[in-house]
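Visitor: Compact mmCIF, C-alpha atoms, file target.txt:
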# COMPACT_ATOMS: atom_id res chain seq x y z
CA MET J 86 30.98 45.81 -27.31
CA SER J 87 29.90 42.34 -26.21
CA GLU J 88 30.98 39.37 -28.23
CA MET J 89 28.20 37.77 -30.37
CA HIS J 90 26.93 34.43 -28.96
CA HIS J 91 27.40 31.38 -31.18
CA CYS J 92 25.14 28.40 -30.37
CA THR J 93 27.18 25.23 -30.17
CA ARG J 94 25.40 23.07 -27.59
CA PHE J 95 21.86 21.92 -28.36
CA GLN J 96 19.25 19.75 -26.69
CA THR J 97 16.17 18.07 -28.12
CA ILE J 98 12.77 19.04 -26.72
CA ARG J 99 9.19 18.09 -27.59
CA ARG J 100 6.93 20.93 -28.64
CA GLU J 101 3.15 20.69 -28.69
CA GLY J 102 1.23 22.57 -31.35
CA SER J 103 -2.13 24.28 -30.97
CA TRP J 104 -5.35 22.30 -30.96
CA ARG J 105 -7.37 22.43 -34.18
CA GLN J 106 -10.72 20.99 -35.15
CA SER J 107 -10.79 17.87 -37.32
CA GLY J 108 -14.23 16.29 -37.72
CA LEU J 109 -15.47 14.90 -34.39
CA PHE J 110 -12.03 15.44 -32.86
CA ARG J 111 -9.67 18.20 -32.03
CA GLU J 112 -6.05 17.35 -32.66
CA ARG J 113 -2.55 18.74 -32.29
CA GLU J 114 0.88 17.86 -33.60
CA ILE J 115 3.90 17.01 -31.48
CA GLU J 116 7.32 17.74 -32.97
CA THR J 117 10.89 17.73 -31.78
CA VAL J 118 13.07 20.80 -32.07
CA PHE J 119 16.68 21.60 -31.18
CA VAL J 120 17.29 24.53 -28.82
CA CYS J 121 20.52 26.00 -27.55
CA LYS J 122 21.36 24.91 -24.01
CA ASP J 123 22.83 28.34 -23.29
CA CYS J 124 20.39 30.86 -24.78
CA GLY J 125 17.32 28.76 -25.58
CA ARG J 126 17.29 29.80 -29.26
CA GLU J 127 15.76 27.25 -31.64
CA ARG J 128 17.98 25.92 -34.40
CA SER J 129 16.45 26.32 -37.81
CA ARG J 130 15.91 23.19 -39.85
CA ARG J 131 14.75 22.48 -43.35
CA PHE J 132 12.02 19.98 -42.44
CA ARG J 133 9.86 19.65 -39.34
CA LYS J 134 10.40 16.54 -37.21
CA LEU J 135 6.82 15.44 -36.51
CA VAL J 136 6.82 12.58 -33.98
CA ALA J 137 3.19 12.25 -32.91
CA ILE J 138 -0.38 13.48 -33.29
CA GLU J 139 -2.82 13.61 -30.38
CA LYS J 140 -6.59 13.44 -30.84
CA GLU J 141 -9.46 13.78 -28.38
CA ALA J 142 -13.19 14.44 -28.57
CA SER J 143 -14.37 18.00 -29.03
CA THR J 144 -18.07 17.21 -28.66
CA SER J 145 -19.79 14.04 -27.50
CA THR J 146 -22.20 13.15 -30.32
CA VAL J 147 -21.52 9.43 -30.75
CA VAL J 148 -24.21 7.04 -29.50
CA VAL J 149 -22.62 4.45 -27.21
CA GLY J 150 -23.93 0.94 -27.80
CA PRO J 151 -23.12 -2.48 -26.29
CA VAL J 152 -19.91 -2.89 -28.29
CA LEU J 153 -18.46 0.43 -27.09
CA ARG J 154 -19.60 -0.20 -23.51
CA ARG J 155 -17.78 -3.52 -23.53
CA LEU J 156 -14.67 -1.80 -24.92
CA ALA J 157 -14.98 0.89 -22.22
CA ARG J 158 -15.01 -1.82 -19.55
CA ASN J 159 -11.82 -3.29 -21.00
CA LEU J 160 -10.14 0.12 -21.06
CA ALA J 161 -11.26 0.87 -17.49
CA SER J 162 -9.77 -2.42 -16.32
CA ALA J 163 -6.52 -1.93 -18.26
CA SER J 164 -6.02 1.61 -16.86
CA ARG J 165 -6.86 0.80 -13.24
CA ASN J 166 -3.32 1.54 -12.04
CA GLY J 167 -2.50 4.41 -14.39
CA THR J 168 -3.70 6.48 -17.31
CA ASP J 169 -1.83 5.22 -20.38
CA ILE J 170 -2.57 1.99 -22.25
CA ARG J 171 -0.37 0.64 -25.04
CA ALA J 172 -2.69 0.28 -28.00
CA GLU J 173 -0.84 -2.56 -29.72
CA GLY J 174 -1.12 -4.92 -26.75
CA LEU J 175 -4.78 -4.03 -26.14
CA ILE J 176 -5.75 -4.52 -29.79
CA ARG J 177 -3.91 -7.83 -29.92
CA ARG J 178 -5.64 -9.00 -26.75
CA LEU J 179 -9.13 -7.93 -27.83
CA GLY J 180 -8.74 -9.11 -31.41
CA GLY J 181 -11.10 -8.27 -34.24
CA ILE J 182 -10.39 -6.22 -37.32
CA ARG J 183 -12.60 -3.35 -36.11
CA THR J 184 -10.99 -2.88 -32.70
CA GLU J 185 -9.01 0.23 -33.66
CA GLU J 186 -12.05 1.72 -35.37
CA ASP J 187 -14.14 1.04 -32.22
CA ILE J 188 -11.46 2.72 -30.08
CA GLU J 189 -11.71 5.84 -32.26
CA ARG J 190 -15.52 5.81 -32.01
CA LEU J 191 -15.30 5.50 -28.22
CA ALA J 192 -12.73 8.33 -28.08
CA ALA J 193 -15.20 10.54 -29.98
CA ALA J 194 -17.73 9.93 -27.19
CA GLY J 195 -15.56 9.57 -24.09
CA PRO J 196 -12.68 10.93 -22.05
CA LEU J 197 -9.84 9.44 -24.09
CA ARG J 198 -6.85 10.92 -25.88
CA LEU J 199 -5.42 8.93 -28.77
CA ILE J 200 -1.72 9.31 -29.46
CA TYR J 201 -0.46 8.34 -32.92
CA ARG J 202 3.25 7.95 -33.65
CA ARG J 203 5.27 7.73 -36.82
CA SER J 204 5.75 4.16 -37.97
CA SER J 205 6.89 2.88 -41.37
CA GLY J 206 6.25 6.21 -43.01
CA GLY J 207 2.76 6.65 -41.60
CA LEU J 208 0.92 7.26 -38.34
CA ARG J 209 -0.04 4.38 -36.08
CA LEU J 210 -2.12 4.36 -32.88
CA HIS J 211 0.41 3.95 -30.10
CA THR J 212 -1.17 5.01 -26.78
CA ILE J 213 -4.66 5.42 -25.36
CA ARG J 214 -4.70 7.91 -22.49
CA VAL J 215 -7.64 7.97 -20.07
CA LEU J 216 -8.39 11.61 -19.23
CA GLU J 217 -11.09 10.95 -16.63
CA HIS J 218 -11.58 7.51 -15.08
CA GLY J 219 -14.99 8.34 -13.61
CA ALA J 220 -16.47 9.34 -16.96
CA LEU J 221 -15.06 6.20 -18.59
CA ASP J 222 -16.60 4.06 -15.84
CA GLU J 223 -19.93 5.78 -16.43
CA ILE J 224 -19.81 4.86 -20.12
CA ALA J 225 -18.81 1.29 -19.26
CA ARG J 226 -21.55 0.86 -16.65
CA PRO J 227 -24.21 3.59 -16.69
CA GLY J 228 -25.12 4.74 -13.18
CA VAL J 229 -21.91 3.38 -11.66
CA GLN J 230 -20.84 6.72 -10.15
CA ALA J 231 -24.12 7.15 -8.31
CA ARG J 232 -23.97 3.56 -7.04
CA ARG J 233 -20.32 3.97 -6.04
CA ALA J 234 -21.12 7.17 -4.11
CA ARG J 235 -24.00 5.42 -2.34
CA VAL J 236 -21.90 2.36 -1.45
CA LEU J 237 -19.04 4.56 -0.22
CA ALA J 238 -21.34 6.66 1.98
CA GLU J 239 -22.80 3.49 3.50
CA ALA J 240 -19.33 2.01 4.04
CA ARG J 241 -18.06 5.16 5.76
CA ASN J 242 -21.08 5.14 8.03
CA ASN J 243 -20.55 1.47 8.93
CA VAL J 244 -16.94 1.98 10.05
CA ARG J 245 -17.41 5.33 11.77
CA SER J 246 -17.22 4.11 15.38
CA LEU J 247 -14.72 1.22 15.08
CA VAL J 248 -11.71 1.14 17.43
CA ASN J 249 -9.61 -1.82 16.26
CA PRO J 250 -6.29 -0.32 15.05
CA GLU J 251 -6.42 -2.01 11.65
CA ALA J 252 -10.12 -1.16 11.30
CA ILE J 253 -9.20 2.47 11.94
CA SER J 254 -6.60 2.22 9.17
CA ILE J 255 -9.29 0.90 6.80
CA ARG J 256 -11.60 3.74 7.88
CA GLU J 257 -8.89 6.22 6.93
CA ILE J 258 -8.56 4.60 3.49
CA LEU J 259 -12.30 4.92 2.96
CA GLY J 260 -12.14 8.54 4.09
CA THR J 261 -9.67 9.65 1.42
CA GLU J 262 -10.61 11.33 -1.86
CA GLY J 263 -9.15 8.37 -3.72
CA ALA J 264 -11.82 6.09 -2.21
CA ALA J 265 -14.34 7.64 -4.61
CA ARG J 266 -12.44 5.97 -7.49
CA LEU J 267 -12.34 2.50 -5.93
CA ASP J 268 -14.40 -0.32 -7.36
CA GLU J 269 -17.61 -0.59 -5.33
CA ARG J 270 -16.78 -4.26 -4.62
CA VAL J 271 -13.49 -3.14 -3.05
CA VAL J 272 -15.34 -0.53 -0.95
CA LYS J 273 -17.85 -3.12 0.30
CA ALA J 274 -15.08 -5.59 1.11
CA LEU J 275 -13.02 -2.97 2.98
CA ALA J 276 -15.96 -1.98 5.19
CA SER J 277 -16.80 -5.62 5.91
CA LEU J 278 -13.15 -6.41 6.72
CA ALA J 279 -13.10 -3.56 9.22
CA GLN J 280 -16.27 -4.87 10.87
CA LEU J 281 -14.82 -8.40 10.92
CA LEU J 282 -11.71 -7.13 12.69
CA GLU J 283 -13.81 -5.24 15.21
CA SER J 284 -15.86 -8.34 16.04
CA GLY J 285 -12.80 -10.56 16.39
CA ASP J 286 -14.35 -13.17 14.11
CA ALA J 287 -12.67 -15.21 11.40
CA THR J 288 -14.51 -16.48 8.34
CA PRO J 289 -13.73 -18.66 5.31
CA ALA J 290 -12.85 -16.65 2.19
CA LYS J 291 -15.71 -18.07 0.09
CA ALA J 292 -18.27 -17.46 2.84
CA PHE J 293 -17.09 -13.84 3.18
CA SER J 294 -17.25 -13.41 -0.59
CA ALA J 295 -20.77 -14.81 -0.86
CA GLN J 296 -22.08 -12.79 2.07
CA VAL J 297 -20.48 -9.45 1.14
CA LEU J 298 -20.17 -9.58 -2.64
CA GLY J 299 -23.00 -11.92 -3.56
CA SER J 300 -20.83 -14.69 -5.05
CA SER J 301 -18.36 -17.14 -3.55
CA LYS J 302 -15.92 -16.40 -6.40
CA ALA J 303 -16.17 -12.59 -6.42
CA LEU J 304 -13.45 -12.03 -3.80
CA SER J 305 -10.77 -13.73 -5.92
CA ALA J 306 -11.24 -11.08 -8.66
CA ILE J 307 -10.41 -8.19 -6.29
CA ARG J 308 -8.19 -9.90 -3.73
CA GLN J 309 -4.92 -8.49 -5.09
CA ARG J 310 -6.34 -4.95 -5.08
CA LEU J 311 -7.54 -5.40 -1.50
CA GLU J 312 -4.20 -6.77 -0.33
CA ARG J 313 -2.34 -3.84 -1.90
CA LEU J 314 -4.42 -1.60 0.38
CA VAL J 315 -4.52 -3.59 3.64
CA GLY J 316 -2.00 -6.43 3.38
CA PRO J 317 -2.64 -10.20 3.47
CA LEU J 318 -6.31 -10.95 4.17
CA GLN J 319 -5.39 -14.02 6.18
CA ARG J 320 -4.02 -11.75 8.93
CA LEU J 321 -7.34 -9.89 9.02
CA GLY J 322 -9.55 -12.92 9.58
CA ILE J 323 -10.21 -14.24 6.03
CA ARG J 324 -9.20 -17.89 6.38
CA ASP J 325 -10.17 -21.12 4.71
CA TRP J 326 -10.90 -22.75 8.06
CA GLY J 327 -12.90 -19.97 9.74
CA GLY J 328 -12.55 -19.26 13.49
CA MET J 329 -10.07 -21.70 15.04
CA VAL J 330 -7.86 -21.60 18.13
CA ILE J 331 -4.71 -23.73 17.93
CA MET J 332 -2.54 -24.18 21.02
CA GLY J 333 0.11 -26.47 22.41
CA GLY J 334 2.61 -26.84 25.25
CA ALA J 335 1.09 -26.99 28.73
CA GLY J 336 -2.04 -26.01 30.61
CA LEU J 337 -5.54 -27.28 31.32
CA ARG J 338 -8.86 -26.24 29.72
CA HIS J 339 -12.28 -26.94 31.12
CA LEU J 340 -14.77 -26.67 28.25
CA GLY J 341 -18.31 -27.72 29.14
CA ASN J 342 -18.02 -31.34 30.23
CA VAL J 343 -14.59 -31.82 28.67
CA ASP J 344 -11.15 -31.32 30.25
CA ILE J 345 -8.30 -30.85 27.80
CA ARG J 346 -4.74 -31.26 29.07
CA LEU J 347 -2.42 -29.84 26.44
CA GLY J 348 0.67 -31.76 27.56
CA SER J 349 -0.92 -35.03 26.44
CA LEU J 350 -1.07 -33.92 22.79
CA ARG J 351 1.31 -32.16 20.40
CA CYS J 352 -1.24 -29.42 19.75
CA VAL J 353 -5.00 -28.91 19.89
CA GLY J 354 -7.34 -27.06 17.53
CA ILE J 355 -10.68 -25.89 18.94
CA SER J 356 -13.32 -23.72 17.31
CA SER J 357 -13.74 -20.18 18.65
CA ASP J 358 -17.35 -20.90 19.56
CA ASP J 359 -16.26 -23.78 21.82
CA ILE J 360 -13.57 -21.65 23.44
CA LEU J 361 -16.24 -19.10 24.36
CA GLU J 362 -17.75 -21.82 26.61
CA LEU J 363 -14.52 -21.94 28.63
CA HIS J 364 -15.27 -22.53 32.33
CA GLU J 365 -11.76 -22.53 33.72
CA LEU J 366 -8.22 -22.01 32.46
CA SER J 367 -5.13 -23.29 34.24
CA VAL J 368 -2.09 -21.38 32.99
CA PRO J 369 1.34 -23.03 33.42
CA PRO J 370 4.08 -21.23 35.41
CA GLY J 371 5.83 -19.91 32.30
CA GLY J 372 2.65 -18.18 31.15
CA VAL J 373 1.52 -17.76 27.55
CA LEU J 374 3.47 -17.11 24.35
CA VAL J 375 1.26 -15.80 21.52
CA ILE J 376 2.73 -16.45 18.05
CA GLU J 377 1.30 -14.83 14.96
CA ASN J 378 2.26 -17.30 12.21
CA LEU J 379 1.85 -21.05 11.99
CA THR J 380 5.40 -22.04 10.98
CA PRO J 381 7.08 -20.30 13.97
CA PHE J 382 4.33 -21.74 16.19
CA GLN J 383 5.20 -25.26 15.01
CA ALA J 384 8.92 -24.53 15.42
CA CYS J 385 8.33 -23.53 19.04
CA LEU J 386 6.38 -26.73 19.69
CA GLU J 387 9.27 -28.76 18.27
CA HIS J 388 11.89 -26.90 20.29
CA PHE J 389 10.01 -26.58 23.59
CA GLY J 390 8.06 -29.84 23.20
CA CYS J 391 9.29 -31.31 26.46
CA ASN J 392 8.77 -28.07 28.38
CA ASP J 393 5.54 -28.32 30.36
CA SER J 394 5.70 -24.77 31.72
CA VAL J 395 4.49 -22.67 28.75
CA LEU J 396 1.23 -22.42 26.80
CA PHE J 397 1.85 -21.67 23.11
CA LEU J 398 -1.05 -19.94 21.37
CA TRP J 399 -1.30 -19.29 17.63
CA SER J 400 -3.09 -16.02 16.80
CA GLY J 401 -3.22 -16.41 13.01
CA GLY J 402 -2.98 -12.64 12.57
CA PHE J 403 -5.35 -10.43 14.52
CA PRO J 404 -6.77 -12.56 17.37
CA ASN J 405 -10.25 -13.97 16.86
CA ARG J 406 -12.87 -14.20 19.61
CA GLY J 407 -11.54 -17.50 20.93
CA VAL J 408 -7.96 -16.24 21.22
CA LYS J 409 -9.24 -13.08 22.91
CA LYS J 410 -11.20 -15.16 25.43
CA LEU J 411 -8.12 -17.22 26.36
CA LEU J 412 -5.92 -14.14 26.69
CA GLU J 413 -8.47 -12.29 28.81
CA GLU J 414 -8.73 -15.32 31.12
CA ALA J 415 -4.93 -15.55 31.35
CA ALA J 416 -4.68 -11.83 32.12
CA HIS J 417 -7.40 -12.20 34.77
CA ARG J 418 -5.15 -14.76 36.48
CA LYS J 419 -2.16 -12.37 36.24
CA ALA J 420 -0.28 -14.85 34.09
CA SER J 421 2.82 -13.78 32.20
CA ILE J 422 1.95 -13.17 28.53
CA ARG J 423 4.43 -12.68 25.70
CA VAL J 424 3.57 -11.90 22.07
CA TRP J 425 5.75 -12.51 19.02
CA CYS J 426 4.66 -11.26 15.56
CA ASP J 427 6.16 -10.20 12.25
CA LEU J 428 8.23 -7.07 12.71
CA ASP J 429 6.10 -4.83 10.48
CA LEU J 430 3.25 -2.37 10.95
CA CYS J 431 0.52 -5.02 10.99
CA GLY J 432 2.46 -7.25 13.41
CA ILE J 433 3.09 -4.29 15.69
CA ARG J 434 -0.62 -3.45 15.64
CA ILE J 435 -1.42 -7.05 16.59
CA ALA J 436 1.03 -6.82 19.51
CA ARG J 437 -0.48 -3.49 20.59
CA LEU J 438 -4.00 -4.89 20.48
CA ILE J 439 -3.05 -7.91 22.62
CA HIS J 440 -1.20 -5.58 25.00
CA GLU J 441 -4.32 -3.42 25.39
CA MET J 442 -6.83 -6.29 25.74
CA THR J 443 -4.73 -7.83 28.53
CA GLY J 444 -4.54 -4.59 30.48
CA GLY J 445 -0.87 -4.04 29.64
CA ILE J 446 0.27 -7.48 30.83
CA ALA J 447 1.29 -8.78 27.40
CA THR J 448 4.73 -7.67 26.27
CA PRO J 449 6.36 -8.17 22.84
CA VAL J 450 9.44 -10.33 22.26
CA LEU J 451 11.80 -10.36 19.27
CA MET J 452 10.12 -7.19 18.00
CA ASP J 453 12.68 -4.57 19.05
CA PRO J 454 14.99 -2.50 16.78
CA ALA J 455 17.93 -4.77 17.68
CA THR J 456 16.12 -7.75 16.13
CA LEU J 457 15.74 -5.79 12.88
CA GLU J 458 19.43 -4.89 12.85
CA GLU J 459 20.59 -8.42 13.64
CA SER J 460 18.44 -10.15 11.00
CA ALA J 461 20.30 -11.28 7.90
CA THR J 462 17.08 -11.57 5.88
CA VAL J 463 14.72 -8.61 5.53
CA CYS J 464 11.87 -7.65 3.19
CA PRO J 465 11.87 -4.27 1.44
CA LEU J 466 9.18 -1.85 2.59
CA SER J 467 6.82 -0.83 -0.22
CA VAL J 468 6.05 2.81 -0.97
CA GLU J 469 2.50 2.31 0.30
CA ASN J 470 3.70 0.81 3.57
CA ILE J 471 6.26 3.58 4.06
CA ALA J 472 3.36 6.04 3.95
CA ARG J 473 1.32 3.90 6.37
CA VAL J 474 4.21 3.64 8.86
CA ARG J 475 4.78 7.40 8.74
CA HIS J 476 1.10 8.04 9.29
CA ASP J 477 1.02 5.69 12.30
CA LEU J 478 4.04 7.40 13.85
CA GLU J 479 2.40 10.80 13.35
CA GLN J 480 -0.79 9.59 15.02
CA ARG J 481 0.82 7.58 17.87
CA PRO J 482 4.44 8.69 18.33
CA GLY J 483 4.67 7.31 21.89
CA ALA J 484 2.78 4.04 21.41
CA LEU J 485 4.16 0.60 22.20
CA LEU J 486 6.91 -0.41 19.72
CA ALA J 487 7.04 3.05 18.14
CA ASP J 488 10.84 2.80 18.29
CA SER J 489 10.63 -0.38 16.22
CA LEU J 490 8.48 1.41 13.65
CA ARG J 491 11.09 4.16 13.42
CA ALA J 492 13.77 1.53 12.85
CA ILE J 493 11.64 -0.10 10.13
CA LEU J 494 11.16 3.30 8.48
CA GLY J 495 14.86 4.13 8.76
CA LYS J 496 15.91 0.84 7.19
CA LYS J 497 12.91 0.71 4.80
CA ALA J 498 12.66 -2.98 5.59
CA TRP J 499 10.70 -5.38 7.78
CA ILE J 500 11.10 -8.95 9.03
CA GLU J 501 8.92 -12.03 8.72
CA GLN J 502 8.97 -14.35 11.73
CA GLU J 503 9.96 -17.21 9.47
CA ALA J 504 13.14 -15.36 8.40
CA LEU J 505 14.39 -15.35 12.00
CA LEU J 506 14.22 -19.15 12.12
CA HIS J 507 17.37 -19.28 9.94
CA ASN J 508 19.17 -18.50 13.19
CA ALA J 509 16.93 -20.71 15.31
CA GLY J 510 19.42 -21.13 18.16
CA HIS J 511 19.56 -17.38 18.79
CA VAL J 512 15.77 -17.05 18.47
CA PHE J 513 15.01 -19.82 20.96
CA ALA J 514 17.64 -18.52 23.37
CA LYS J 515 15.89 -15.12 23.33
CA LEU J 516 12.49 -16.72 23.80
CA THR J 517 13.76 -18.92 26.65
CA GLU J 518 15.24 -15.89 28.38
CA SER J 519 11.98 -13.99 28.03
CA LEU J 520 9.81 -16.90 29.23
CA THR J 521 11.97 -17.64 32.26
CA ASN J 522 12.18 -13.96 33.31
CA PRO J 523 8.59 -12.72 33.50
Show me, as structure tokens, the structure contained in the file I just sent.

Guide:
Amino acid sequence: MSEMHHCTRFQTIRREGSWRQSGLFREREIETVFVCKDCGRERSRRFRKLVAIEKEASTSTVVVGPVLRRLARNLASASRNGTDIRAEGLIRRLGGIRTEEDIERLAAAGPLRLIYRRSSGGLRLHTIRVLEHGALDEIARPGVQARRARVLAEARNNVRSLVNPEAISIREILGTEGAARLDERVVKALASLAQLLESGDATPAKAFSAQVLGSSKALSAIRQRLERLVGPLQRLGIRDWGGMVIMGGAGLRHLGNVDIRLGSLRCVGISSDDILELHELSVPPGGVLVIENLTPFQACLEHFGCNDSVLFLWSGGFPNRGVKKLLEEAAHRKASIRVWCDLDLCGIRIARLIHEMTGGIATPVLMDPATLEESATVCPLSVENIARVRHDLEQRPGALLADSLRAILGKKAWIEQEALLHNAGHVFAKLTESLTNP
């Protein structure tokens, strides 16, 4: 005969009761119970341990007026990155003695679940859970879902045939199911960014905002959301100074009736439109070094200032039309071209684009796995960027610098160009070796 089991080890679990009707709401109780870790049997107790009550609408009979629509907009904004909102902080921020009452009225009409917890012997609203973001947005701004669907369809159509690597990445973002939940301003901005990349233009942030979003200040409200999706906008052509080509070192430019000899000045900034009028380009013997960011560009000018054999060209992220024109002319003359960018996915895509536009002449420097391993300062790779790197490797496993992407993924870290300047002697030695051995 088997020995009778005696429960000695217990664990606490939350148990949800059945939904029941209560006025305009249906509600259920949440309690904690003790169960045996070995057999799962519940331990009897004299009093129930009620920890919360959840309430949500059973029928939508409440008329939504301006006050509730304004509250819905606040809730939609507060829950943009999740589903749960702490009620105490929201009520404190919104103020007004009727805020909690308005939240309950909105919950009776919309897709919200109100969670009340025990506090000081009573029940207090603790959490507001958004059950369906789309329905909440529709209450906040009637017709928003239809407008969002229309804007998304137009955006997808506008980016359908783009070939720039970063524009393709934006097209893939717009093609996901999650794009249907994006703010329509974000959707418009993404499509316009992709088209800007494809054209090779650069534009001031306020001009882009006014043209795409209808207000010079609208971009600032969504910029963080955009940059979480695509990275820094400056690299994609959104700059305060518009299309500009900055270069230094050596070489001769014939622009219209003007000859510009770079060696006579520390550096020269010329608008992209003027560069497009380039008649002739004399490339120095050391060729061209394209540098993505301004600080490393300036560091190279300081270090190689007396060297009249190299043309240093700042790309400012993805090359604009003027930078493309110079690189195409240099490639036409079979000049040696090197490209140095941040060692991350976007930098690698910039290097790949320059490599392709020069017919394979341009080669990357300081962008190999060894550079990643040798760097003492690295930046952690975000969860979103890990997914983007994996997707790129799946799509282009044999592309230029794919081994560097694998190293970035393996280390879950990337390098800014500026971080390498902490060991400037080593960096400039590598660059000198590359520039003197085309």

Visitor: Determine, using all atoms listed in the file, which residues of stretch 372-459 of chain J have any atom at most 8 Å from an atom of stretch 471-492 of chain J, and tabulate each with its shortest atom pair and distance in Å to one decimal place, rows ordered by chain and then rising number, as a tab-separated table.

Guide:
residue	atom	partner	partner_atom	distance
J:Leu428	CA	J:Ser489	CA	7.9
J:Asp429	CA	J:Leu490	CA	7.4
J:Leu430	CA	J:Val474	CA	6.4
J:Ile433	CA	J:Leu486	CA	6.8
J:Arg437	CA	J:Leu485	CA	6.4
J:Met452	CA	J:Ser489	CA	7.1
J:Asp453	CA	J:Ser489	CA	5.5
J:Pro454	CA	J:Ser489	CA	4.9
J:Leu457	CA	J:Ala492	CA	7.6

Visitor: Find the residue from J:Glu503, J:Asp344, J:Glu251, J:Glu116 that sits nearest to J:Asp427; use all atoms listed in the file when measuring.

Guide: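 Among J:Glu503, J:Asp344, J:Glu251, J:Glu116, it is J:Glu503 that comes nearest to J:Asp427.
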
Visitor: Rank nothing, just name the residue among J:Glu262, J:Glu269, J:Glu377, J:Glu101 nearest to J:Leu321, using all atoms listed in the file.

Guide: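 With all atoms listed in the file as the atom set, the closest residue is J:Glu377.
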
Visitor: When you count all atoms listed in the file, which of these residues is closest to J:Gly445: J:Val468, J:Gly432, J:Lys273, J:Arg423?

Guide: J:Arg423

Visitor: Measuring atom to atom with all atoms listed in the file, identify which of J:Ser357, J:Asn405, J:Thr117, J:Ser162 is nearest to J:Ile435.

Guide: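 Residue with the minimum atom-to-atom distance to J:Ile435: J:Asn405.
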
Visitor: Using all atoms listed in the file, which residues sit within 12 Å of J:Gly510 once same-chain residues fewer than 6 positions away are excluded, as a PyMOL selection string?

Guide: chain J and resi 384-385+388+516-517

Visitor: Write a file of the just-selected residues containing C-alpha atoms, as a PDB file, in the frame of the given file.

Guide:
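The resulting again18.pdb:
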ATOM      1  CA  ALA J 384       8.920 -24.530  15.420  1.00  0.00           C
ATOM      2  CA  CYS J 385       8.330 -23.530  19.040  1.00  0.00           C
ATOM      3  CA  HIS J 388      11.890 -26.900  20.290  1.00  0.00           C
ATOM      4  CA  LEU J 516      12.490 -16.720  23.800  1.00  0.00           C
ATOM      5  CA  THR J 517      13.760 -18.920  26.650  1.00  0.00           C
TER       6      THR J 517
END

Visitor: Please provide the set of residues having any atom within 9 Å of J:Leu314, restricted to all atoms listed in the file, with same-chain residues fewer than 6 positions apart removed, written as number ranges by chain.

Guide: J: 255, 258, 469

Visitor: Can you pull out the residues contacting J:Leu398? Cut-off 7 Å, using all atoms listed in the file, and skip same-chain residues under 6 positions away; I want them as a ChimeraX atom specification.

Guide: /J:331-333,374-376

Visitor: Point out the residue among J:Ile355, J:Ile188, J:Leu267, J:Leu520 with the least atom-to-atom distance to J:Gly371, counting all atoms listed in the file.

Guide: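 Of the candidates, the smallest distance to J:Gly371 is held by J:Leu520.
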
Visitor: Any idea what's packed within 10 Å of J:Arg100, counting only C-alpha atoms, ignoring anything in its chain fewer than 3 positions away? Could you give it as a list in words?

Guide: Thr97, Ser103, Glu114, Ile115, Glu116, Thr117, Val118, Leu135 and Val136 of chain J

Visitor: With all atoms listed in the file counted, which protein, DNA or RNA residues have an atom no more than 6 Å from (-7.1, -26.6, 30.8) in the file frame? Please answer as a list in words.

Guide: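 Checked against the point, the hits come out as Gly336, Leu337, Arg338, His339, Ile345, Arg346, Leu366 and Ser367 of chain J.
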
Visitor: Considering only C-alpha atoms, return as an MDAnalysis selection string whatever protein or nucleic-acid residues lie within 6 Å of J:Thr168, sequence-local ones (same chain, fewer than 2 positions apart) excluded.

Guide: chainID J and resid 164 214:215
